[in-house]
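Structure data follow from upload_9.cif (mmCIF, C-alpha atoms and all ligand atoms):
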```cif
data_structure
#
loop_
_atom_site.label_atom_id
_atom_site.label_comp_id
_atom_site.auth_asym_id
_atom_site.auth_seq_id
_atom_site.Cartn_x
_atom_site.Cartn_y
_atom_site.Cartn_z
CA MET V 1464 5.86 -11.18 -10.52
CA SER V 1465 6.56 -9.28 -13.67
CA GLU V 1466 10.24 -8.87 -12.95
CA PRO V 1467 12.65 -11.52 -11.70
CA VAL V 1468 14.24 -11.04 -8.32
CA SER V 1469 17.95 -10.37 -8.64
CA GLU V 1470 20.57 -12.60 -7.05
CA PRO V 1471 21.40 -11.93 -3.40
CA VAL V 1472 24.25 -9.49 -2.96
CA SER V 1473 27.14 -10.44 -0.69
CA GLY V 1474 28.71 -8.14 1.86
CA PRO V 1475 31.68 -5.89 1.24
CA VAL V 1476 35.15 -7.30 0.95
CA SER V 1477 37.86 -5.84 3.10
CA GLY V 1478 39.03 -2.48 1.84
CA GLN V 1479 35.97 -2.02 -0.41
CA VAL V 1480 34.76 1.55 -0.64
CA ALA V 1481 31.13 2.05 0.32
CA SER V 1482 28.90 3.28 -2.47
CA HIS V 1483 27.15 6.54 -1.66
CA ARG V 1484 23.49 7.34 -2.37
CA GLU V 1485 21.28 10.29 -1.72
CA ILE V 1486 18.58 7.95 -0.47
CA VAL V 1487 18.73 4.37 0.71
CA ILE V 1488 15.38 2.65 1.28
CA ILE V 1489 15.40 -0.36 3.56
CA GLY V 1490 12.48 -2.69 2.83
CA SER V 1491 10.32 -3.37 -0.21
CA GLY V 1492 6.66 -3.72 0.70
CA PRO V 1493 4.11 -1.21 -0.59
CA ALA V 1494 5.66 1.51 1.62
CA GLY V 1495 9.27 1.04 0.47
CA LEU V 1496 8.42 0.62 -3.20
CA THR V 1497 6.08 3.62 -3.24
CA ALA V 1498 8.83 5.66 -1.58
CA ALA V 1499 11.17 4.36 -4.29
CA ILE V 1500 8.79 5.40 -7.10
CA TYR V 1501 8.48 8.92 -5.70
CA ALA V 1502 12.19 9.28 -4.89
CA ALA V 1503 13.19 7.95 -8.32
CA ARG V 1504 10.81 10.34 -10.08
CA ALA V 1505 12.41 13.15 -8.06
CA ASN V 1506 15.75 12.17 -9.66
CA LEU V 1507 17.19 10.93 -6.38
CA ALA V 1508 18.23 7.53 -7.81
CA PRO V 1509 17.30 5.62 -4.63
CA LEU V 1510 18.82 2.32 -3.69
CA VAL V 1511 16.23 -0.13 -2.37
CA ILE V 1512 17.60 -2.92 -0.21
CA GLU V 1513 14.63 -5.21 -0.56
CA GLY V 1514 15.47 -8.04 1.83
CA GLU V 1515 15.99 -11.64 0.81
CA PRO V 1516 13.85 -14.71 1.20
CA SER V 1517 14.58 -16.49 4.45
CA SER V 1518 11.20 -17.89 5.43
CA ASN V 1519 7.63 -17.79 4.23
CA SER V 1520 6.85 -14.86 6.50
CA ASP V 1521 9.99 -12.92 5.64
CA GLN V 1522 10.71 -12.08 2.04
CA PRO V 1523 11.12 -9.18 -0.40
CA GLY V 1524 7.80 -7.56 -1.17
CA GLY V 1525 6.53 -8.00 2.37
CA GLN V 1526 3.22 -9.32 3.57
CA LEU V 1527 1.42 -9.03 0.21
CA MET V 1528 3.71 -11.77 -1.09
CA LEU V 1529 1.75 -14.07 1.25
CA THR V 1530 -1.63 -12.92 -0.03
CA THR V 1531 -3.55 -14.36 -2.92
CA GLU V 1532 -6.27 -12.05 -4.24
CA VAL V 1533 -6.22 -8.37 -3.23
CA GLU V 1534 -9.61 -6.78 -3.85
CA ASN V 1535 -9.33 -3.55 -1.88
CA PHE V 1536 -6.36 -1.86 -3.55
CA PRO V 1537 -7.87 0.95 -5.65
CA GLY V 1538 -7.39 0.70 -9.39
CA PHE V 1539 -8.03 -3.02 -9.75
CA PRO V 1540 -11.77 -3.52 -10.27
CA GLU V 1541 -11.26 -7.24 -10.84
CA GLY V 1542 -8.75 -7.60 -7.98
CA VAL V 1543 -5.06 -8.40 -8.28
CA MET V 1544 -2.85 -11.12 -6.84
CA GLY V 1545 -0.62 -9.86 -4.03
CA PRO V 1546 2.69 -10.99 -5.63
CA GLN V 1547 1.60 -9.48 -8.98
CA LEU V 1548 0.88 -6.13 -7.31
CA MET V 1549 4.28 -6.13 -5.61
CA GLY V 1550 6.03 -7.19 -8.83
CA ASP V 1551 4.37 -4.32 -10.66
CA MET V 1552 5.31 -1.79 -7.96
CA ARG V 1553 8.87 -3.07 -8.13
CA ALA V 1554 8.99 -2.76 -11.93
CA GLN V 1555 7.49 0.74 -11.69
CA ALA V 1556 10.21 1.82 -9.24
CA ALA V 1557 12.92 0.29 -11.45
CA ARG V 1558 11.49 2.01 -14.55
CA PHE V 1559 12.22 5.42 -13.02
CA GLY V 1560 15.75 4.53 -11.98
CA ALA V 1561 15.48 2.95 -8.53
CA GLU V 1562 18.16 0.32 -8.06
CA ILE V 1563 16.89 -2.72 -6.19
CA VAL V 1564 19.22 -5.18 -4.50
CA THR V 1565 18.09 -8.49 -3.06
CA ALA V 1566 19.90 -8.47 0.25
CA LYS V 1567 19.33 -7.89 3.92
CA VAL V 1568 20.71 -5.01 5.90
CA SER V 1569 22.75 -6.43 8.77
CA ARG V 1570 23.65 -3.22 10.59
CA VAL V 1571 23.05 0.52 10.44
CA ASP V 1572 24.89 3.44 11.99
CA PHE V 1573 22.90 6.66 12.07
CA ALA V 1574 25.17 8.43 14.60
CA GLU V 1575 26.54 10.80 11.99
CA ARG V 1576 26.04 11.73 8.35
CA PRO V 1577 26.45 10.29 5.86
CA PHE V 1578 24.51 7.41 7.42
CA ARG V 1579 26.13 3.99 7.15
CA VAL V 1580 24.43 0.77 6.09
CA TRP V 1581 25.94 -2.72 6.07
CA ILE V 1582 24.94 -5.76 4.03
CA GLY V 1583 26.54 -9.06 4.94
CA ASP V 1584 29.14 -9.11 7.73
CA PRO V 1585 27.92 -6.62 10.36
CA ASP V 1586 31.39 -6.49 11.86
CA ALA V 1587 33.03 -5.32 8.64
CA ALA V 1588 34.89 -2.07 9.23
CA GLU V 1589 33.49 -0.41 6.13
CA PRO V 1590 29.76 -0.17 5.45
CA THR V 1591 28.40 -1.37 2.13
CA HIS V 1592 26.56 1.89 1.50
CA THR V 1593 26.46 5.42 2.81
CA ALA V 1594 23.44 7.65 2.41
CA ASP V 1595 22.41 11.26 2.92
CA ALA V 1596 18.91 10.14 3.87
CA VAL V 1597 17.45 6.76 4.82
CA ILE V 1598 13.86 5.60 4.56
CA VAL V 1599 12.99 2.67 6.82
CA SER V 1600 10.13 0.51 5.54
CA THR V 1601 10.92 -2.88 7.03
CA GLY V 1602 7.30 -3.68 7.81
CA ALA V 1603 5.84 -5.96 10.42
CA ARG V 1604 4.94 -9.58 10.54
CA SER V 1605 2.00 -11.47 11.96
CA VAL V 1606 2.92 -13.79 14.77
CA MET V 1607 2.10 -17.32 13.63
CA LEU V 1608 1.38 -20.50 15.57
CA GLY V 1609 4.47 -22.21 14.18
CA LEU V 1610 2.68 -25.04 12.37
CA GLU V 1611 3.98 -26.40 9.08
CA ALA V 1612 0.43 -26.20 7.67
CA GLU V 1613 0.41 -22.40 8.08
CA GLN V 1614 3.08 -22.05 5.41
CA ARG V 1615 1.18 -24.33 3.05
CA LEU V 1616 -2.29 -22.88 3.55
CA ILE V 1617 -1.70 -19.15 3.92
CA GLY V 1618 -3.75 -17.51 1.20
CA HIS V 1619 -5.75 -20.73 0.81
CA GLY V 1620 -8.21 -20.35 3.65
CA LEU V 1621 -5.64 -19.32 6.25
CA SER V 1622 -5.24 -15.59 6.67
CA THR V 1623 -3.83 -12.98 9.02
CA CYS V 1624 -6.04 -10.11 7.84
CA ALA V 1625 -9.84 -10.09 8.16
CA THR V 1626 -10.15 -6.71 6.42
CA CYS V 1627 -8.32 -8.18 3.42
CA ASP V 1628 -9.89 -11.62 3.22
CA GLY V 1629 -13.18 -11.65 5.15
CA PHE V 1630 -15.18 -11.11 1.98
CA PHE V 1631 -14.12 -14.52 0.65
CA PHE V 1632 -15.90 -16.35 3.49
CA ARG V 1633 -19.52 -15.34 2.89
CA ASP V 1634 -21.95 -17.78 4.58
CA GLN V 1635 -19.12 -20.07 5.68
CA GLU V 1636 -18.11 -21.37 9.11
CA ILE V 1637 -14.68 -20.10 10.06
CA ALA V 1638 -12.44 -19.61 13.09
CA VAL V 1639 -10.26 -16.93 14.63
CA VAL V 1640 -7.33 -17.83 16.89
CA GLY V 1641 -6.40 -15.49 19.75
CA GLY V 1642 -7.87 -13.80 22.78
CA GLY V 1643 -6.70 -10.19 22.44
CA ASP V 1644 -8.32 -7.10 20.96
CA SER V 1645 -7.14 -8.02 17.46
CA ALA V 1646 -8.79 -11.44 17.59
CA LEU V 1647 -12.07 -10.03 18.86
CA GLU V 1648 -12.05 -7.19 16.37
CA GLU V 1649 -11.36 -9.63 13.52
CA ALA V 1650 -14.05 -12.02 14.77
CA GLY V 1651 -16.64 -9.21 14.94
CA PHE V 1652 -15.74 -7.98 11.47
CA LEU V 1653 -15.91 -11.50 10.06
CA THR V 1654 -19.48 -12.00 11.26
CA LYS V 1655 -20.51 -9.55 8.53
CA PHE V 1656 -19.71 -12.35 6.10
CA ALA V 1657 -19.41 -15.71 7.83
CA SER V 1658 -22.40 -17.63 9.14
CA LYS V 1659 -20.44 -18.61 12.25
CA VAL V 1660 -17.09 -17.58 13.71
CA THR V 1661 -15.51 -19.75 16.40
CA LEU V 1662 -13.04 -17.86 18.54
CA ILE V 1663 -10.33 -20.25 19.70
CA HIS V 1664 -8.47 -19.17 22.80
CA ARG V 1665 -5.88 -21.09 24.78
CA ARG V 1666 -7.23 -19.93 28.15
CA ASP V 1667 -10.69 -19.47 29.71
CA GLU V 1668 -10.24 -15.71 30.04
CA LEU V 1669 -9.79 -13.18 27.27
CA ARG V 1670 -6.95 -10.68 27.20
CA ALA V 1671 -9.03 -8.19 25.20
CA SER V 1672 -10.56 -5.02 26.66
CA LYS V 1673 -13.88 -5.43 28.44
CA ILE V 1674 -15.85 -3.55 25.80
CA MET V 1675 -14.50 -5.78 23.03
CA GLN V 1676 -15.25 -8.86 25.14
CA GLN V 1677 -18.84 -7.75 25.70
CA ARG V 1678 -19.37 -7.08 22.00
CA ALA V 1679 -18.10 -10.54 21.10
CA ILE V 1680 -20.19 -12.24 23.79
CA ASP V 1681 -23.29 -10.37 22.60
CA ASN V 1682 -22.69 -11.33 18.96
CA PRO V 1683 -24.87 -14.37 18.16
CA ARG V 1684 -22.58 -15.43 15.31
CA ILE V 1685 -19.52 -15.79 17.57
CA GLU V 1686 -18.95 -18.99 19.51
CA PHE V 1687 -16.04 -19.56 21.88
CA ALA V 1688 -13.76 -22.55 22.05
CA TRP V 1689 -12.16 -21.97 25.46
CA ASN V 1690 -8.98 -23.64 26.69
CA SER V 1691 -8.23 -24.76 23.17
CA THR V 1692 -5.06 -24.82 21.13
CA VAL V 1693 -4.70 -25.55 17.44
CA ASP V 1694 -2.55 -28.67 17.00
CA ASP V 1695 -2.91 -28.61 13.21
CA VAL V 1696 -4.70 -26.94 10.33
CA LEU V 1697 -6.26 -29.64 8.18
CA GLY V 1698 -6.42 -29.71 4.38
CA GLU V 1699 -3.83 -30.21 1.66
CA SER V 1700 -4.58 -27.36 -0.73
CA LYS V 1701 -7.23 -25.46 1.23
CA VAL V 1702 -8.39 -25.25 4.83
CA GLU V 1703 -10.87 -27.98 5.73
CA GLY V 1704 -10.76 -27.98 9.52
CA LEU V 1705 -8.73 -27.53 12.68
CA ALA V 1706 -7.35 -30.17 14.99
CA LEU V 1707 -8.01 -28.74 18.44
CA ARG V 1708 -6.77 -29.87 21.83
CA ASP V 1709 -8.30 -28.97 25.17
CA THR V 1710 -5.54 -27.49 27.33
CA VAL V 1711 -7.18 -28.76 30.53
CA THR V 1712 -8.43 -32.25 29.64
CA ASP V 1713 -6.09 -32.92 26.68
CA GLU V 1714 -9.16 -34.03 24.74
CA LYS V 1715 -8.77 -33.76 20.96
CA ARG V 1716 -11.44 -32.81 18.45
CA VAL V 1717 -11.80 -31.60 14.88
CA LEU V 1718 -13.54 -28.29 14.17
CA PRO V 1719 -14.73 -28.29 10.56
CA VAL V 1720 -14.10 -24.80 9.12
CA THR V 1721 -13.24 -23.47 5.67
CA GLY V 1722 -11.21 -20.57 6.95
CA VAL V 1723 -9.01 -19.62 9.88
CA PHE V 1724 -7.65 -16.23 10.85
CA ILE V 1725 -4.54 -16.17 13.02
CA ALA V 1726 -4.76 -13.09 15.27
CA ILE V 1727 -2.21 -13.66 18.00
CA GLY V 1728 -0.29 -10.43 17.55
CA HIS V 1729 2.08 -8.57 15.24
CA ARG V 1730 5.80 -7.82 15.52
CA PRO V 1731 7.40 -4.89 13.75
CA ASN V 1732 10.73 -5.66 12.05
CA THR V 1733 12.77 -3.22 14.07
CA ASP V 1734 15.55 -5.26 15.72
CA LEU V 1735 18.06 -3.55 13.43
CA PHE V 1736 17.21 -0.15 14.88
CA SER V 1737 17.22 -1.03 18.56
CA GLY V 1738 18.88 1.76 20.55
CA ILE V 1739 19.11 3.89 17.40
CA LEU V 1740 15.55 4.89 16.52
CA ASP V 1741 12.80 5.66 19.03
CA MET V 1742 10.21 2.91 19.39
CA ASP V 1743 7.01 2.48 21.38
CA GLU V 1744 6.69 -0.28 23.97
CA ALA V 1745 5.61 -2.77 21.27
CA GLY V 1746 8.70 -2.00 19.15
CA TYR V 1747 7.02 0.12 16.44
CA LEU V 1748 9.07 3.10 15.25
CA VAL V 1749 7.81 6.43 16.50
CA THR V 1750 7.27 9.03 13.77
CA GLY V 1751 6.24 12.68 14.00
CA ALA V 1752 2.53 13.51 13.98
CA ASP V 1753 1.31 13.25 10.36
CA ARG V 1754 4.91 12.94 9.20
CA SER V 1755 7.46 10.24 8.51
CA THR V 1756 10.24 11.84 10.54
CA THR V 1757 12.02 9.80 13.24
CA ASN V 1758 14.17 10.99 16.14
CA VAL V 1759 17.18 11.00 13.79
CA ASP V 1760 17.24 13.96 11.43
CA GLY V 1761 17.38 12.56 7.88
CA VAL V 1762 15.97 9.13 8.74
CA PHE V 1763 12.34 8.57 7.83
CA ALA V 1764 9.98 5.67 8.49
CA CYS V 1765 6.85 4.53 6.68
CA GLY V 1766 4.44 1.63 6.44
CA ASP V 1767 3.68 -1.05 8.98
CA VAL V 1768 6.99 -0.61 10.80
CA GLN V 1769 5.45 2.56 12.27
CA ASP V 1770 1.73 1.78 11.98
CA HIS V 1771 -0.04 -0.68 14.24
CA THR V 1772 -3.46 0.79 13.56
CA TYR V 1773 -4.33 0.53 9.87
CA ARG V 1774 -1.86 -2.05 8.49
CA GLN V 1775 -3.23 -1.91 4.94
CA ALA V 1776 -1.32 -1.98 1.66
CA ILE V 1777 -2.89 1.30 0.63
CA THR V 1778 -2.04 3.09 3.90
CA ALA V 1779 1.50 1.71 3.72
CA ALA V 1780 1.83 2.95 0.13
CA ALA V 1781 0.49 6.36 1.15
CA SER V 1782 2.97 6.66 3.99
CA GLY V 1783 5.77 5.61 1.60
CA CYS V 1784 4.80 8.55 -0.59
CA MET V 1785 4.91 10.82 2.47
CA ALA V 1786 8.37 9.55 3.44
CA ALA V 1787 9.80 10.17 -0.04
CA ILE V 1788 8.41 13.71 -0.11
CA ASP V 1789 9.63 14.38 3.45
CA ALA V 1790 13.08 13.04 2.52
CA GLU V 1791 13.23 15.02 -0.70
CA ARG V 1792 12.32 18.26 1.09
CA TRP V 1793 14.77 17.53 3.87
CA LEU V 1794 17.58 16.90 1.36
CA GLU V 1795 16.78 20.17 -0.39
CA SER V 1796 16.64 22.19 2.79
CA ARG V 1797 19.70 20.90 4.63
CA THR V 1798 22.66 23.17 4.82
CA ASP V 1799 25.50 20.74 5.74
P1 LIG E 1 -2.20 -9.26 22.22
O1 LIG E 1 -2.97 -8.29 23.04
O2 LIG E 1 -0.79 -9.52 22.55
O3 LIG E 1 -3.02 -10.62 22.27
C1 LIG E 1 -2.51 -11.77 21.67
C2 LIG E 1 -3.48 -12.91 21.96
O4 LIG E 1 -3.02 -14.06 21.28
C3 LIG E 1 -3.55 -13.27 23.46
O5 LIG E 1 -4.86 -13.58 23.80
C4 LIG E 1 -2.64 -14.48 23.54
O6 LIG E 1 -3.06 -15.43 24.51
C5 LIG E 1 -2.82 -15.12 22.19
N1 LIG E 1 -1.63 -15.86 21.79
C6 LIG E 1 -0.36 -15.39 21.71
N2 LIG E 1 0.47 -16.35 21.28
C7 LIG E 1 -0.30 -17.44 21.08
C8 LIG E 1 -0.03 -18.75 20.63
N3 LIG E 1 1.20 -19.13 20.28
N4 LIG E 1 -1.05 -19.62 20.55
C9 LIG E 1 -2.31 -19.24 20.89
N5 LIG E 1 -2.63 -18.01 21.32
C10 LIG E 1 -1.63 -17.12 21.41
O7 LIG E 1 -2.18 -8.86 20.66
P2 LIG E 1 -3.30 -8.10 19.80
O8 LIG E 1 -4.65 -8.63 20.08
O9 LIG E 1 -2.79 -8.13 18.40
O10 LIG E 1 -3.24 -6.60 20.34
C11 LIG E 1 -2.00 -5.89 20.32
C12 LIG E 1 -2.22 -4.49 20.91
O11 LIG E 1 -3.06 -3.73 20.02
C13 LIG E 1 -2.95 -4.54 22.25
O12 LIG E 1 -2.47 -3.52 23.05
C14 LIG E 1 -4.38 -4.27 21.87
O13 LIG E 1 -5.14 -3.69 22.92
C15 LIG E 1 -4.22 -3.30 20.70
N6 LIG E 1 -5.39 -3.39 19.79
C16 LIG E 1 -6.45 -2.59 20.04
C17 LIG E 1 -7.58 -2.66 19.23
C18 LIG E 1 -8.75 -1.77 19.50
O14 LIG E 1 -8.75 -1.14 20.53
N7 LIG E 1 -9.74 -1.71 18.64
C19 LIG E 1 -7.64 -3.58 18.18
C20 LIG E 1 -6.55 -4.41 17.96
C21 LIG E 1 -5.42 -4.31 18.78
P3 LIG E 1 -2.94 -15.12 26.09
O15 LIG E 1 -4.03 -14.14 26.37
O16 LIG E 1 -3.14 -16.45 26.70
O17 LIG E 1 -1.55 -14.56 26.27
#
```

Rewrite the structure from the file as structure tokens, please.
Amino acid sequence: MSEPVSEPVSGPVSGQVASHREIVIIGSGPAGLTAAIYAARANLAPLVIEGEPSSNSDQPGGQLMLTTEVENFPGFPEGVMGPQLMGDMRAQAARFGAEIVTAKVSRVDFAERPFRVWIGDPDAAEPTHTADAVIVSTGARSVMLGLEAEQRLIGHGLSTCATCDGFFFRDQEIAVVGGGDSALEEAGFLTKFASKVTLIHRRDELRASKIMQQRAIDNPRIEFAWNSTVDDVLGESKVEGLALRDTVTDEKRVLPVTGVFIAIGHRPNTDLFSGILDMDEAGYLVTGADRSTTNVDGVFACGDVQDHTYRQAITAAASGCMAAIDAERWLESRTD
């Protein structure tokens, strides 16, 4: 990254007065940082609460921090490393006056304006910040298998995004884990590149829709490993194979592959907004059609936290731009 991450910020001490901002942005992936660039260039001096590192799948900068080479973000003909791209977005936001704090929001109260945002102790009487408008860009995370090797090998043959990384596996034998629509969609896409894709599913029946099932069954490059779980991903510095276990017979075997895509679902990071912002049944925030508005006037959402369809850095960045413009116009037009 081109700019060091600042030290985590602690919560307010008793009696501390909350600092007020026109815009507070919660989250710092491509959506949040693009919103910050636009809001800062509109002279709104946004505060970005970027999160803080707590695990490999949860850190400032979002999912691109877990990616190695990004080849599909326009403007980088030679590609760019995910952390470099996020570092540059962060520096660009800071250059125009966005303040970025390395901390996690622990509680929000959007019941009345100004909105209230806590860092640190969620039970503290006073919030850390108040804001006229809030942009939520807390992203989503891929559900992982929970193996230690996933942390070590993500970006080194282990991926959660076929659109992003499929290109790197031309003429190779790889695997996809999962039995839902995502897994089958990823497997189908990956057969454009890979010579063989083994779909590993823990049962003998797919969860995916019938049409996706039929497509996968008809695809000669997809093989199925039924009733199989991944006990381990093999390889020290890059993926070399999978240790599989048959869920019926308990038989163990090694599947030699150079890549594995984990496609067992996504979870939006929306716990903080439960009961406050409208969500769909999967927990994604609901925004207005072609807008970033939420059910709370003055609170906007952008990026993967409200998008389970595209989930790309460029679409997240675009929706961050929309959220900043929506927020700016809303701030200008309000009468209270
Ligand atoms: P999903 O439907 O929840 O499927 C997750 C799959 O992962 C299931 O097959 C599940 O196995 C498996 N799984 C979960 N945890 C696992 C674990 N720890 N170890 C091994 N396997 C595990 O998730 P999704 O496929 O991401 O789809 C999410 C939603 O988006 C669905 O409603 C889907 O229809 C939709 N979607 C639609 C499209 C499309 O229409 N083109 C594309 C993608 C997604 P079990 O089956 O045994 O539970």

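When atom O1 of ligand LIG 1 (chain E) is paired with atom CA of Ala1779 of chain V, their separation reads 22.2 Å.
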
Choose the residue, out of V:Ala1498, V:Leu1669, V:Ile1512, V:Cys1627, that has the smallest atom-to-atom separation from Leu1653 of chain V; count all atoms listed in the file. V:Cys1627

Counting all atoms listed in the file, which protein, DNA or RNA residues come within 8 Å of ligand LIG 1 (chain E), given as a ChimeraX atom specification? /V:1606-1609,1640-1648,1664-1666,1668-1672,1675,1692-1693,1726-1729,1771-1772

Applying 7 Å and all atoms listed in the file, which residues near Thr1721 of chain V remain after dropping the ones on its own chain fewer than 3 positions away? List them as an MDAnalysis selection string. chainID V and resid 1620 1635:1637 1702:1704

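Shortest atom-to-atom contact with Asp1551 of chain V among V:Pro1509, V:Gly1492, V:Gly1766, V:Gly1746: V:Gly1492, counting only C-alpha atoms.
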
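One distance worth recording is that between atom CA of Thr1531 of chain V and atom CA of Phe1652 of chain V, which is 19.9 Å.
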
Show me the residues close to (-6.2, 3.1, -4.9) - anything with an atom within 10 Å, counting all atoms listed in the file - and format the list as JSON, numbers by chain. {"V": [1535, 1536, 1537, 1538, 1539, 1776, 1777, 1778, 1780, 1781]}

Leaving out segment 1570-1581 of chain V and any residue of its chain fewer than 6 positions from it, which residues lie within 12 Å of it when counting only C-alpha atoms, given as a PyMOL selection string? chain V and resi 1472-1476+1479-1489+1510-1512+1587-1599+1733-1740+1757-1763+1794+1797+1799

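Atom to atom, atom CA of Val1543 of chain V and atom CA of Tyr1501 of chain V stand 22.1 Å apart.
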
Considering all atoms listed in the file, return as a ChimeraX atom specification whatever protein or nucleic-acid residues lie within 10 Å of Ser1700 of chain V, sequence-local ones (same chain, fewer than 5 positions apart) excluded. /V:1612,1615-1617,1619-1620

Determine, counting only C-alpha atoms, which protein, DNA and RNA residues have an atom within 8 Å of an atom of segment 1681-1687 of chain V; residues of the same chain fewer than 5 positions away are not included. Present the result as JSON, numbers by chain. {"V": [1650, 1651, 1654, 1658, 1659, 1660, 1661, 1662, 1663, 1664]}

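Here the question is which of V:Ile1725, V:Val1639, V:Ala1657, V:Ile1674 gets nearest to Ala1688 of chain V using only C-alpha atoms, and that residue is V:Val1639.
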
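Between Lys1701 of chain V and the residues V:Gly1722, V:Gly1602, V:Gly1783, V:Gly1542, the shortest atom-to-atom distance, using all atoms listed in the file, involves V:Gly1722.
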
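Closest approach to Thr1565 of chain V from the set V:Gln1547, V:Gln1677, V:Ser1491, V:Ser1600 is made by V:Ser1491, with distances taken over all atoms listed in the file.
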
Using all atoms listed in the file, which protein or nucleic acid residues come within 7 Å of Ala1561 of chain V? Drop anything in the same chain fewer than 2 positions from it, and give the result as a ChimeraX atom specification. /V:1499,1503,1508-1511,1556-1557,1559,1563

When distances are computed from all atoms listed in the file, which of V:Asp1770, V:Glu1714, V:Asp1741, V:Asp1628 shows the smallest separation from Glu1649 of chain V? V:Asp1628
